[in-house]
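> The file below is upload.txt, compact mmCIF, C-alpha atoms:
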# COMPACT_ATOMS: atom_id res chain seq x y z
CA MET A 1 -46.24 -8.56 -19.26
CA LEU A 2 -45.92 -9.46 -15.56
CA ARG A 3 -43.71 -12.39 -16.52
CA ARG A 4 -41.44 -10.11 -18.53
CA PHE A 5 -41.20 -7.73 -15.58
CA ASN A 6 -40.31 -10.57 -13.22
CA GLU A 7 -37.60 -11.77 -15.62
CA TRP A 8 -36.19 -8.25 -15.86
CA ARG A 9 -36.28 -7.90 -12.07
CA ALA A 10 -34.41 -11.18 -11.60
CA GLU A 11 -31.75 -10.17 -14.14
CA HIS A 12 -31.44 -6.73 -12.56
CA ALA A 13 -31.05 -8.22 -9.08
CA HIS A 14 -28.32 -10.53 -10.39
CA SER A 15 -26.51 -7.58 -12.01
CA LEU A 16 -26.71 -5.56 -8.80
CA GLU A 17 -25.35 -8.44 -6.75
CA LYS A 18 -22.48 -8.93 -9.20
CA ALA A 19 -21.63 -5.21 -9.11
CA LYS A 20 -21.74 -5.25 -5.31
CA GLU A 21 -19.35 -8.21 -5.17
CA GLN A 22 -16.96 -6.50 -7.57
CA GLY A 23 -17.08 -3.34 -5.47
CA ILE A 24 -16.29 -5.30 -2.33
CA GLU A 25 -13.36 -7.01 -4.04
CA GLN A 26 -12.04 -3.67 -5.26
CA GLY A 27 -12.43 -2.17 -1.80
CA ARG A 28 -10.52 -5.04 -0.25
CA ALA A 29 -7.72 -4.65 -2.79
CA GLU A 30 -7.49 -0.92 -2.05
CA ALA A 31 -7.40 -1.59 1.69
CA TYR A 32 -4.64 -4.17 1.31
CA GLN A 33 -2.65 -1.75 -0.87
CA ALA A 34 -3.00 1.00 1.74
CA ILE A 35 -1.87 -1.34 4.51
CA ASP A 36 1.04 -2.61 2.40
CA ALA A 37 2.20 0.94 1.64
CA TRP A 38 1.92 1.88 5.33
CA ASN A 39 3.89 -1.21 6.35
CA LYS A 40 6.65 -0.42 3.85
CA ARG A 41 6.94 3.10 5.32
CA ARG A 42 7.00 1.61 8.83
CA LEU A 43 9.72 -0.90 7.96
CA SER A 44 11.77 1.75 6.19
CA ALA A 45 11.61 4.00 9.25
CA GLU A 46 12.58 1.06 11.46
CA VAL A 47 15.64 0.30 9.32
CA LYS A 48 16.67 3.96 9.42
CA GLY A 49 16.08 4.18 13.17
CA VAL A 50 13.53 6.92 12.68
CA PRO A 51 10.47 7.07 14.93
CA PHE A 52 7.28 6.06 13.11
CA ASN A 53 4.03 7.11 14.72
CA GLU A 54 1.69 7.10 11.73
CA PRO A 55 -1.44 5.13 12.63
CA SER A 56 -2.21 2.14 10.45
CA PRO A 57 -4.93 2.60 7.83
CA SER A 58 -7.17 0.26 9.82
CA GLN A 59 -6.90 2.58 12.86
CA ASN A 60 -7.36 5.93 11.16
CA GLY A 61 -10.11 4.87 8.76
CA ASP A 62 -8.06 5.80 5.69
CA GLN A 63 -8.60 2.80 3.46
CA HIS A 64 -7.52 4.50 0.24
CA GLY A 65 -3.93 5.55 0.84
As structure tokens, how would this structure be written, given the file I've shared?

Amino acid sequence: MLRRFNEWRAEHAHSLEKAKEQGIEQGRAEAYQAIDAWNKRRLSAEVKGVPFNEPSPSQNGDQHG
């Protein structure tokens, strides 16, 4: 019974690590999307000659758009 528990624990730990890695990858993708959207707005304002004072997502902590 202890062996079965140890096997379950090892599988569970692996599943948690995999989920954590996927969450980190998703978080990075969302951060890059937020930065990309911000940069597009910044470049558009620059082309139009309009002042752009919106802080970047990395400065204002908004990593999700």
> Put a box with edges along x, y and z around all the listed atoms of region 41-57 of chain A, pad it by 6 Å on each side, then give me its centre and sizes in Å, one decimal, as AutoDock Vina command-line options.

--center_x 5.9 --center_y 3.1 --center_z 10.1 --size_x 33.6 --size_y 20.0 --size_z 21.6
> Can you measure CA of Arg42 (chain A) to CA of Glu54 (chain A) for me? One decimal in Å is fine.
8.2 Å
> Name the closest residue to Glu30 (chain A) among the candidates A:Pro57, A:Ala45, A:Glu7, A:Met1; distances are taken between atoms, counting only C-alpha atoms.
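Result for the nearest residue to Glu30 (chain A): A:Pro57.
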> If you measure from CA of Trp38 (chain A) to CA of Pro55 (chain A), what distance in Å do you get, rounded to one decimal?
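Value for the CA of Trp38 (chain A)-CA of Pro55 (chain A) distance: 8.7 Å.
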> Work out how far apart CA of Ser56 (chain A) and CA of Arg41 (chain A) are and give it in Å to one decimal.
10.5 Å
> Output region 6-30 of chain A as a compact mmCIF listing (two decimals), in the coordinates of the input, making sure N, CA and C atoms are there.

# COMPACT_ATOMS: atom_id res chain seq x y z
N ASN A 6 -40.98 -9.71 -14.19
CA ASN A 6 -40.31 -10.57 -13.22
C ASN A 6 -38.97 -11.06 -13.74
N GLU A 7 -38.88 -11.37 -15.03
CA GLU A 7 -37.60 -11.77 -15.62
C GLU A 7 -36.60 -10.61 -15.56
N TRP A 8 -37.07 -9.42 -15.91
CA TRP A 8 -36.19 -8.25 -15.86
C TRP A 8 -35.71 -8.01 -14.43
N ARG A 9 -36.63 -8.12 -13.47
CA ARG A 9 -36.28 -7.90 -12.07
C ARG A 9 -35.24 -8.90 -11.60
N ALA A 10 -35.38 -10.16 -11.99
CA ALA A 10 -34.41 -11.18 -11.60
C ALA A 10 -33.04 -10.89 -12.22
N GLU A 11 -33.02 -10.51 -13.48
CA GLU A 11 -31.75 -10.17 -14.14
C GLU A 11 -31.12 -8.94 -13.48
N HIS A 12 -31.94 -7.97 -13.18
CA HIS A 12 -31.44 -6.73 -12.56
C HIS A 12 -30.86 -7.04 -11.17
N ALA A 13 -31.53 -7.85 -10.42
CA ALA A 13 -31.05 -8.22 -9.08
C ALA A 13 -29.71 -8.94 -9.20
N HIS A 14 -29.59 -9.82 -10.18
CA HIS A 14 -28.32 -10.53 -10.39
C HIS A 14 -27.21 -9.54 -10.75
N SER A 15 -27.50 -8.58 -11.61
CA SER A 15 -26.51 -7.58 -12.01
C SER A 15 -26.08 -6.72 -10.82
N LEU A 16 -27.05 -6.36 -9.98
CA LEU A 16 -26.71 -5.56 -8.80
C LEU A 16 -25.83 -6.34 -7.83
N GLU A 17 -26.14 -7.61 -7.65
CA GLU A 17 -25.35 -8.44 -6.75
C GLU A 17 -23.92 -8.59 -7.28
N LYS A 18 -23.80 -8.80 -8.58
CA LYS A 18 -22.48 -8.93 -9.20
C LYS A 18 -21.68 -7.63 -9.04
N ALA A 19 -22.31 -6.50 -9.26
CA ALA A 19 -21.63 -5.21 -9.11
C ALA A 19 -21.21 -5.00 -7.66
N LYS A 20 -22.07 -5.38 -6.73
CA LYS A 20 -21.74 -5.25 -5.31
C LYS A 20 -20.52 -6.09 -4.96
N GLU A 21 -20.49 -7.34 -5.44
CA GLU A 21 -19.35 -8.21 -5.17
C GLU A 21 -18.07 -7.64 -5.74
N GLN A 22 -18.14 -7.09 -6.96
CA GLN A 22 -16.96 -6.50 -7.57
C GLN A 22 -16.49 -5.29 -6.78
N GLY A 23 -17.44 -4.50 -6.28
CA GLY A 23 -17.08 -3.34 -5.47
C GLY A 23 -16.41 -3.74 -4.18
N ILE A 24 -16.90 -4.81 -3.57
CA ILE A 24 -16.29 -5.30 -2.33
C ILE A 24 -14.88 -5.79 -2.60
N GLU A 25 -14.70 -6.52 -3.69
CA GLU A 25 -13.36 -7.01 -4.04
C GLU A 25 -12.41 -5.85 -4.29
N GLN A 26 -12.88 -4.84 -4.98
CA GLN A 26 -12.04 -3.67 -5.26
C GLN A 26 -11.70 -2.95 -3.96
N GLY A 27 -12.68 -2.82 -3.08
CA GLY A 27 -12.43 -2.17 -1.80
C GLY A 27 -11.41 -2.92 -0.97
N ARG A 28 -11.50 -4.23 -0.98
CA ARG A 28 -10.52 -5.04 -0.25
C ARG A 28 -9.13 -4.84 -0.83
N ALA A 29 -9.02 -4.84 -2.14
CA ALA A 29 -7.72 -4.65 -2.79
C ALA A 29 -7.14 -3.29 -2.42
N GLU A 30 -7.97 -2.26 -2.42
CA GLU A 30 -7.49 -0.92 -2.05
C GLU A 30 -7.04 -0.88 -0.59
